[in-house]
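As provided, start-v4.csv (CSV, C-alpha atoms) reads as follows.
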chain,number,residue,atom,x,y,z
A,1,MET,CA,0.0,0.0,0.0
A,2,ASP,CA,1.1,3.4,-0.7
A,3,LEU,CA,1.3,6.3,1.7
A,4,PHE,CA,-1.1,8.2,-0.4
A,5,ILE,CA,-3.9,5.6,0.1
A,6,VAL,CA,-3.5,5.5,3.9
A,7,THR,CA,-3.3,9.3,4.1
A,8,SER,CA,-6.4,9.6,2.0
A,9,ILE,CA,-8.3,7.2,4.3
A,10,SER,CA,-7.1,9.3,7.2
A,11,MET,CA,-8.3,12.4,5.4
A,12,ILE,CA,-11.7,10.9,4.7
A,13,LEU,CA,-12.1,9.8,8.4
A,14,PHE,CA,-11.1,13.3,9.5
A,15,ALA,CA,-13.7,14.9,7.2
A,16,ILE,CA,-16.4,12.6,8.5
A,17,GLY,CA,-15.6,13.5,12.1
A,18,LEU,CA,-15.4,17.2,11.3
A,19,TYR,CA,-18.8,17.2,9.6
A,20,GLY,CA,-20.3,15.1,12.4
A,21,ILE,CA,-19.0,17.4,15.1
A,22,MET,CA,-20.2,20.5,13.3
A,23,THR,CA,-23.7,19.3,12.5
A,24,SER,CA,-24.7,17.4,15.6
A,25,ASN,CA,-26.4,18.7,18.7
A,26,ILE,CA,-26.4,15.4,20.6
A,27,GLY,CA,-23.7,14.7,23.1
A,28,ILE,CA,-23.1,11.1,22.3
A,29,LYS,CA,-22.8,11.9,18.6
A,30,MET,CA,-20.2,14.6,19.3
A,31,LEU,CA,-18.2,12.2,21.4
A,32,ILE,CA,-18.2,9.6,18.6
A,33,SER,CA,-17.1,12.3,16.2
A,34,ILE,CA,-14.3,13.3,18.5
A,35,GLU,CA,-13.2,9.7,18.6
A,36,ILE,CA,-13.2,9.5,14.8
A,37,LEU,CA,-11.1,12.7,14.6
A,38,ILE,CA,-8.5,11.3,17.1
A,39,ASN,CA,-8.4,8.0,15.2
A,40,ALA,CA,-7.9,9.8,11.9
A,41,ALA,CA,-5.0,11.8,13.3
A,42,MET,CA,-3.5,8.7,14.8
A,43,LEU,CA,-3.8,6.7,11.6
A,44,ASN,CA,-2.0,9.5,9.8
A,45,LEU,CA,0.8,9.4,12.5
A,46,VAL,CA,1.2,5.7,12.3
A,47,ALA,CA,1.3,5.7,8.5
A,48,VAL,CA,4.0,8.3,8.4
A,49,ALA,CA,5.9,6.4,11.2
A,50,ILE,CA,5.9,3.2,9.2
A,51,ASN,CA,6.8,5.0,6.1
A,52,PHE,CA,9.9,6.5,7.6
A,53,SER,CA,10.5,3.3,9.7
A,54,SER,CA,10.6,5.1,13.0
A,55,VAL,CA,9.4,3.6,16.2
A,56,ASP,CA,8.9,6.7,18.3
A,57,PRO,CA,5.5,7.8,16.8
A,58,LEU,CA,4.1,4.4,17.5
A,59,ILE,CA,4.9,4.9,21.2
A,60,LEU,CA,3.2,8.3,20.9
A,61,ALA,CA,0.2,6.6,19.4
A,62,LEU,CA,-0.1,4.4,22.5
A,63,PHE,CA,-0.1,7.6,24.6
A,64,VAL,CA,-2.7,9.1,22.3
A,65,ILE,CA,-4.9,6.1,22.9
A,66,ALA,CA,-4.7,6.5,26.6
A,67,ILE,CA,-5.5,10.2,26.5
A,68,ALA,CA,-8.4,9.6,24.1
A,69,ALA,CA,-9.8,7.0,26.6
A,70,ALA,CA,-9.5,9.6,29.5
A,71,GLU,CA,-11.2,12.2,27.4
A,72,SER,CA,-14.0,10.0,26.3
A,73,VAL,CA,-14.6,8.9,29.9
A,74,ILE,CA,-14.8,12.5,31.1
A,75,GLY,CA,-17.3,13.3,28.3
A,76,ILE,CA,-19.5,10.4,29.2
A,77,SER,CA,-19.5,11.4,32.8
A,78,LEU,CA,-20.5,15.0,31.9
A,79,LEU,CA,-23.3,13.7,29.7
A,80,THR,CA,-24.4,11.5,32.7
A,81,ALA,CA,-24.5,14.6,34.9
A,82,ILE,CA,-26.5,16.5,32.3
A,83,TYR,CA,-29.0,13.7,32.0
A,84,ARG,CA,-29.5,13.6,35.7
A,85,LYS,CA,-30.1,17.3,35.8
A,86,TYR,CA,-32.3,17.8,32.8
A,87,GLY,CA,-33.7,14.3,31.9
A,88,LYS,CA,-32.3,14.3,28.3
A,89,VAL,CA,-28.9,14.8,26.6
A,90,SER,CA,-29.0,17.8,24.4
A,91,LEU,CA,-26.2,20.3,24.4
A,92,SER,CA,-28.5,23.2,23.6
A,93,LEU,CA,-29.6,22.9,27.2
A,94,LEU,CA,-26.2,24.1,28.4
A,95,ARG,CA,-26.6,27.8,27.7
A,96,GLU,CA,-25.1,28.8,31.0
A,97,ILE,CA,-21.6,27.5,30.2
A,98,ARG,CA,-21.5,28.8,26.7
A,99,TRP,CA,-19.8,32.0,25.8
B,1,MET,CA,-27.3,23.4,12.8
B,2,ASN,CA,-26.3,24.8,9.5
B,3,LYS,CA,-25.4,21.8,7.4
B,4,LYS,CA,-24.5,23.7,4.3
B,5,ALA,CA,-21.8,25.7,6.1
B,6,ALA,CA,-20.5,22.5,7.7
B,7,PHE,CA,-20.4,20.7,4.4
B,8,SER,CA,-18.6,23.6,2.7
B,9,VAL,CA,-16.0,23.8,5.5
B,10,THR,CA,-15.4,20.0,5.2
B,11,LEU,CA,-15.0,20.4,1.5
B,12,ILE,CA,-12.5,23.1,1.9
B,13,PHE,CA,-10.6,21.0,4.4
B,14,ILE,CA,-10.6,18.0,2.0
B,15,ILE,CA,-9.3,20.2,-0.9
B,16,VAL,CA,-6.5,21.7,1.2
B,17,PHE,CA,-5.5,18.4,2.8
B,18,LEU,CA,-5.5,16.6,-0.6
B,19,TYR,CA,-3.3,19.4,-2.1
B,20,GLU,CA,-0.8,19.0,0.8
B,21,VAL,CA,-0.8,15.2,0.6
B,22,VAL,CA,-0.2,15.2,-3.1
B,23,GLN,CA,2.6,17.7,-2.8
B,24,ILE,CA,4.3,16.0,0.2
B,25,THR,CA,4.2,12.4,-0.7
B,26,GLY,CA,4.4,12.4,-4.5
B,27,SER,CA,3.4,8.7,-4.2
B,28,LYS,CA,7.0,7.5,-4.3
B,29,TYR,CA,7.4,6.0,-0.9
B,30,VAL,CA,6.7,2.4,-0.3
B,31,PHE,CA,5.9,0.8,3.0
B,32,THR,CA,8.8,-1.1,4.5
B,33,THR,CA,7.8,-3.3,7.3
B,34,GLN,CA,10.4,-3.5,10.0
B,35,SER,CA,11.0,-6.7,12.0
B,36,GLN,CA,11.1,-6.6,15.8
B,37,VAL,CA,9.0,-3.5,15.9
B,38,ILE,CA,7.2,-4.7,19.0
B,39,SER,CA,10.4,-5.2,21.0
B,40,GLN,CA,11.6,-1.8,19.9
B,41,ILE,CA,8.3,-0.3,21.1
B,42,SER,CA,8.6,-2.0,24.5
B,43,THR,CA,12.2,-1.0,24.8
B,44,GLY,CA,11.4,2.6,24.0
B,45,LEU,CA,8.4,2.6,26.3
B,46,PHE,CA,10.4,1.5,29.3
B,47,ASN,CA,13.6,3.3,28.7
B,48,SER,CA,13.4,6.7,27.1
B,49,TYR,CA,9.6,7.2,27.5
B,50,LEU,CA,9.3,5.9,31.0
B,51,LEU,CA,8.3,9.3,32.5
B,52,PRO,CA,5.4,9.9,30.1
B,53,PHE,CA,4.3,6.3,30.7
B,54,GLU,CA,4.0,7.0,34.4
B,55,LEU,CA,2.4,10.4,33.8
B,56,ILE,CA,-0.2,8.7,31.7
B,57,SER,CA,-1.0,6.4,34.6
B,58,MET,CA,-1.4,9.4,36.9
B,59,ILE,CA,-3.7,11.1,34.3
B,60,LEU,CA,-5.8,7.9,34.1
B,61,VAL,CA,-6.2,7.7,37.9
B,62,GLY,CA,-7.0,11.4,38.0
B,63,SER,CA,-9.7,11.0,35.4
B,64,ILE,CA,-11.2,8.1,37.2
B,65,ILE,CA,-11.4,10.0,40.4
B,66,GLY,CA,-12.9,13.1,38.6
B,67,VAL,CA,-15.5,10.9,36.8
B,68,LEU,CA,-16.5,9.3,40.0
B,69,TYR,CA,-16.9,12.8,41.5
B,70,ILE,CA,-18.9,14.2,38.6
B,71,ALA,CA,-21.1,11.3,37.7
B,72,GLY,CA,-21.4,9.6,41.1
B,73,ARG,CA,-22.8,12.3,43.2
B,74,ASN,CA,-26.5,12.5,44.0
B,75,ASP,CA,-28.0,15.9,43.9
Kindly present the structure from the file in structure tokens form.
Amino acid sequence: MDLFIVTSISMILFAIGLYGIMTSNIGIKMLISIEILINAAMLNLVAVAINFSSVDPLILALFVIAIAAAESVIGISLLTAIYRKYGKVSLSLLREIRW
Amino acid sequence: MNKKAAFSVTLIFIIVFLYEVVQITGSKYVFTTQSQVISQISTGLFNSYLLPFELISMILVGSIIGVLYIAGRND
């Protein structure tokens, strides 16, 4: 496989995540879009790392996975708190913490 | 939710990224699989990247405690 193909797949994934995070109003959908964005960036990183036969970006990818897990957990907990307060998960309810 | 604006922004992103990718790679590189990558990863993870490894564990513990504080309380 060429680097161009893998980078194109990464680009398509990033575009899907970007469109999803810009058009959604639901919290779970936004979290899934953020995960797609992170996975696209990580796929690009790993592709370039394998292309230049370097190992350090692969270790960085492991750290990115851990950070993404922590971020997703925090997002889910925030959505749980929102659900307990309002009874549904819609980010348009949070007008107080918007700027 | 303005879907047209989001679609146009995504389209602009795709155009810019595709231009950059075509310009950078030029489709001349070929994947070269390296043997013993796993052992190199583990060696790097426990030698030169030991401090970020431990910091990641601290971050995970902190996130667990924060999540239990946020989602576990009963108002």
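The environment of Ile32 of chain A within 12 Å, counting only C-alpha atoms and disregarding residues fewer than 5 places along the same chain, consists of Leu13, Ile16, Gly17, Leu18, Tyr19, Gly20, Ile21, Ser24, Ile26, Gly27, Leu37, Ile38, Asn39, Ala68, Ala69, Glu71, Ser72, Val73, Gly75 and Ile76 of chain A.
Atom CA of Glu54 of chain B sits 12.8 Å away from atom CA of Ile67 of chain A.
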Long-range neighbours of Ala49 of chain A as a ChimeraX atom specification, 7 Å cut-off, only C-alpha atoms, 6 positions minimum in chain | /A:55,57-58
Residue hits in chain A, query chain B, radius 7 Å, all atoms listed in the file, as a PyMOL selection string = chain A and resi 1-4+11+15+18-19+22-23+50-51+53+55+59+70+74+77-78+80-81
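Across the structure, atom CA of Leu45 of chain A and atom CA of Asn25 of chain A are spaced 29.4 Å apart.
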